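Below is one structure; the comments refer to it alone.
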Amino acid sequence: MEQKQMIRQYCQQFNMTGVNKVIDELITDAETRALGYIDYTLGFLTTEAEYRRQRDIKKRMKMATLPRYCDLAAYDPSFNNGLTITRLHQLQELHWMDQIFNIILMGPSGTGKTFLSAGLCNEAVKKGYKAYFRTMDTLISILKMKEITASAKAEYKRILHAHLIVIDDIMLFPVEKKEAVLLFNFINQVYEKTSFIITTNKKPTEWAQMLDDEVLATALLDRLLYQCEVINLTGKSYRLKNRKTIFEEQDN
């Protein structure tokens with residue numbers, strides 16, 4: 001018992017929380033299976049490594065601020081929106097991120113843009129990337145407030161070092177000139193080292209109208225489209241097709 005207590009104390013001293021939580025189980029398993037020194041030590045360290053990996057994923061998931069539903073395992077391959085399941089699987093492999101490629105998901109409301117972008121962000125976090133999901137309004141708010149509030153400044157520093165940034169609903173509404181300049185300056189600062197997933201219901205040719213500045217729109221698109229896959233999603237709204245009702249039975 002004294003030896004176990006000493007092990008727990010050392011675990012606390014070296015911040016080995018994962019092992020500390022299951023030390024009794026590890027010792028019992030080693031005794032039952034008559035593990036050798038190497039096998040026991042490997043199991044000991046593997047337990048701590050997996051605990052830290054899961055803790056890190058949980059932390060990065062929180063920072064990503066993903067929508068509630070973002071598991072691509074729930075994607076309905078029969079939903080006809082123009083993206084084949086084969087291409088979706090290729091996107092999930094995330095090789096395009098290693099090449100600093102961007103993805104633009106373009107199409108009308110309800111065709112799966114937000115779900116797909118959030119799902120790919122979710123996959124990136126699980127695979128160890130620093131990935132963040134932000135609406136355009138949220139991102140602009142961060143850029144406007146980064147010199148004013150500590151929370152916005154911390155958030156800004158965080159996304160500066162992102163491997164992937166999802167900007168959801170870009171150009172949904174007209175953007176004021178000052179805000180458009182902030183957005184351009186940010187993307188111009190990181191586009192060579194960060195991948196983007198952009199969701200939009202506006203064609204690139206319509207961005208100039210939303211920004212009210214053709215030169216700025218061209219410069220912004222130049223950076224996003226340099227290495228980019230544009231995916232046009234089509235079809236009827238998934239949400240409307242599968243909308244719920246509060247009534248148990250339909251009226252006759």
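Ordering of the structure tokens sets the chain letters (A, B, ...), residue numbers begin anew at 1 in every chain, and ligands are numbered from 1 in the order given.
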Given only C-alpha atoms, how would the per-residue table for stretch 9-105 of chain A near stretch 209-225 of chain A read, listing every residue at most 12 Å away with its closest atom pair and distance in Å to one decimal, sorted by chain and number, as CSV?
```
residue,atom,partner,partner_atom,distance
A:Ile100,CA,A:Leu224,CA,10.7
A:Phe101,CA,A:Leu224,CA,8.9
A:Asn102,CA,A:Leu224,CA,6.8
A:Ile103,CA,A:Leu224,CA,8.7
A:Ile104,CA,A:Leu225,CA,8.6
```
Using C-alpha atoms, can you export the residues from the last selection as a PDB file, in the first residue's frame?
```pdb
ATOM      1  CA  ILE A 100      -2.303  24.559 -47.901  1.00  0.00           C
ATOM      2  CA  PHE A 101      -5.281  24.211 -50.235  1.00  0.00           C
ATOM      3  CA  ASN A 102      -8.598  25.966 -49.646  1.00  0.00           C
ATOM      4  CA  ILE A 103     -12.134  24.668 -50.093  1.00  0.00           C
ATOM      5  CA  ILE A 104     -15.064  26.866 -51.114  1.00  0.00           C
TER       6      ILE A 104
END
```
At most 10 Å is the cut-off: for each residue in stretch 101-139 of chain A with any atom that close to an atom of stretch 163-172 of chain A, write down the nearest atom pair and the distance in Å rounded to one decimal, counting only C-alpha atoms, chain first then increasing number, as CSV.
```
residue,atom,partner,partner_atom,distance
A:Phe101,CA,A:Leu164,CA,9.8
A:Asn102,CA,A:Leu164,CA,9.0
A:Ile103,CA,A:Val166,CA,9.3
A:Ile104,CA,A:Ile167,CA,9.7
A:Leu105,CA,A:Asp168,CA,9.5
A:Met106,CA,A:Asp169,CA,9.6
A:Ser109,CA,A:Asp169,CA,9.7
A:Lys113,CA,A:Asp168,CA,8.3
A:Thr114,CA,A:Asp168,CA,6.6
A:Ser117,CA,A:Val166,CA,6.8
A:Ala118,CA,A:Val166,CA,7.6
A:Leu120,CA,A:Val166,CA,9.2
A:Cys121,CA,A:Val166,CA,7.2
A:Ala124,CA,A:Leu164,CA,7.8
A:Val125,CA,A:Leu164,CA,9.2
A:Gly128,CA,A:His163,CA,9.8
A:Tyr129,CA,A:His163,CA,6.0
A:Lys130,CA,A:His163,CA,5.2
A:Ala131,CA,A:Leu164,CA,4.6
A:Tyr132,CA,A:Ile165,CA,5.0
A:Phe133,CA,A:Val166,CA,4.7
A:Arg134,CA,A:Ile167,CA,5.3
A:Thr135,CA,A:Asp168,CA,4.4
A:Met136,CA,A:Ile170,CA,5.4
A:Asp137,CA,A:Ile170,CA,8.4
A:Thr138,CA,A:Ile167,CA,9.1
A:Leu139,CA,A:Ile167,CA,7.7
```
Inset, instruction - Write out as a PyMOL selection string all residues of stretch 38-226 of chain A that backbone DSSP assigns to strand (DSSP E or B). - result: chain A and resi 102-106+131-135+164-168+195-200
Inset, instruction - Within 10 Å of A:Leu94, counting only C-alpha atoms, which residues show up once you throw out same-chain ones fewer than 2 positions away? Write them as a PyMOL selection string, please. - result: chain A and resi 89-92+96-99+101+120-121+123-124+127
Inset, instruction - Please give the complete set of residues from stretch 66-238 of chain A that DSSP, run on the backbone, assigns to helix (DSSP H, G or I), formatted as number ranges by chain. - result: A: 72-74, 85-92, 95-98, 113-126, 136-145, 150-160, 177-190, 204-211, 214-225, 238
Legend entry - Å distance separating atom CA of A:Ile142 from atom CA of A:His161, one decimal place: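 Result for atom CA of A:Ile142 versus atom CA of A:His161: 14.8 Å, one decimal.
Taking only C-alpha atoms into account, A:Lys153 lies nearest to A:Ser141 out of the set A:Gly107, A:Ser141, A:Cys70, A:Ile85.
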Can you list every residue of stretch 141-252 of chain A that has an atom at most 12 Å from stretch 53-60 of chain A, with its nearest atom pair and the distance in Å to one decimal, using only C-alpha atoms, ordered by chain then number, as a Markdown table?
```
| residue | atom | partner | partner_atom | distance |
| --- | --- | --- | --- | --- |
| A:Arg158 | CA | A:Arg60 | CA | 11.0 |
| A:Ile159 | CA | A:Arg60 | CA | 11.9 |
| A:Ala162 | CA | A:Arg60 | CA | 11.1 |
```
Inset, instruction - Skip A:Ile7 itself and residues of its chain fewer than 5 positions away, then list as a ChimeraX atom specification all residues within 10 Å of it, counting only C-alpha atoms. - result: /A:1-2,12-13,19-20,23
If you keep C-alpha atoms, can you produce a file of those selected residues as a compact mmCIF listing (two decimals), in the first residue's frame?
```txt
# COMPACT_ATOMS: atom_id res chain seq x y z
CA MET A 1 0.00 0.00 0.00
CA GLU A 2 2.87 2.36 0.81
CA GLN A 12 1.04 13.97 -9.12
CA GLN A 13 4.57 15.38 -9.06
CA VAL A 19 -1.99 6.94 -15.01
CA ASN A 20 -2.92 8.19 -11.55
CA ILE A 23 -2.97 2.87 -11.36
```
Inset, instruction - Measuring atom to atom with only C-alpha atoms, identify which of A:Gln3, A:Thr28, A:Thr86, A:Asn81 is nearest to A:Asn232. - result: A:Asn81
Legend entry - Distance of atom CA of A:Ile140 from atom CA of A:Gln189, expressed in Å to one decimal place: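 Computing it gives 14.7 Å between the two atoms.
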Inset, instruction - Write out as a ChimeraX atom specification each polymer residue whose atoms come within 12 Å of A:Thr84, counting only C-alpha atoms; drop sequence neighbours fewer than 4 positions from it. - result: /A:75-80,88-91,231-234
Inset, instruction - Fewer than 4 positions away in the same chain doesn't count, so skip those; otherwise give me all residues within 9 Å of A:Val190, counting only C-alpha atoms, as JSON, numbers by chain. - result: {"A": [160, 161, 162, 185, 186, 194, 195]}
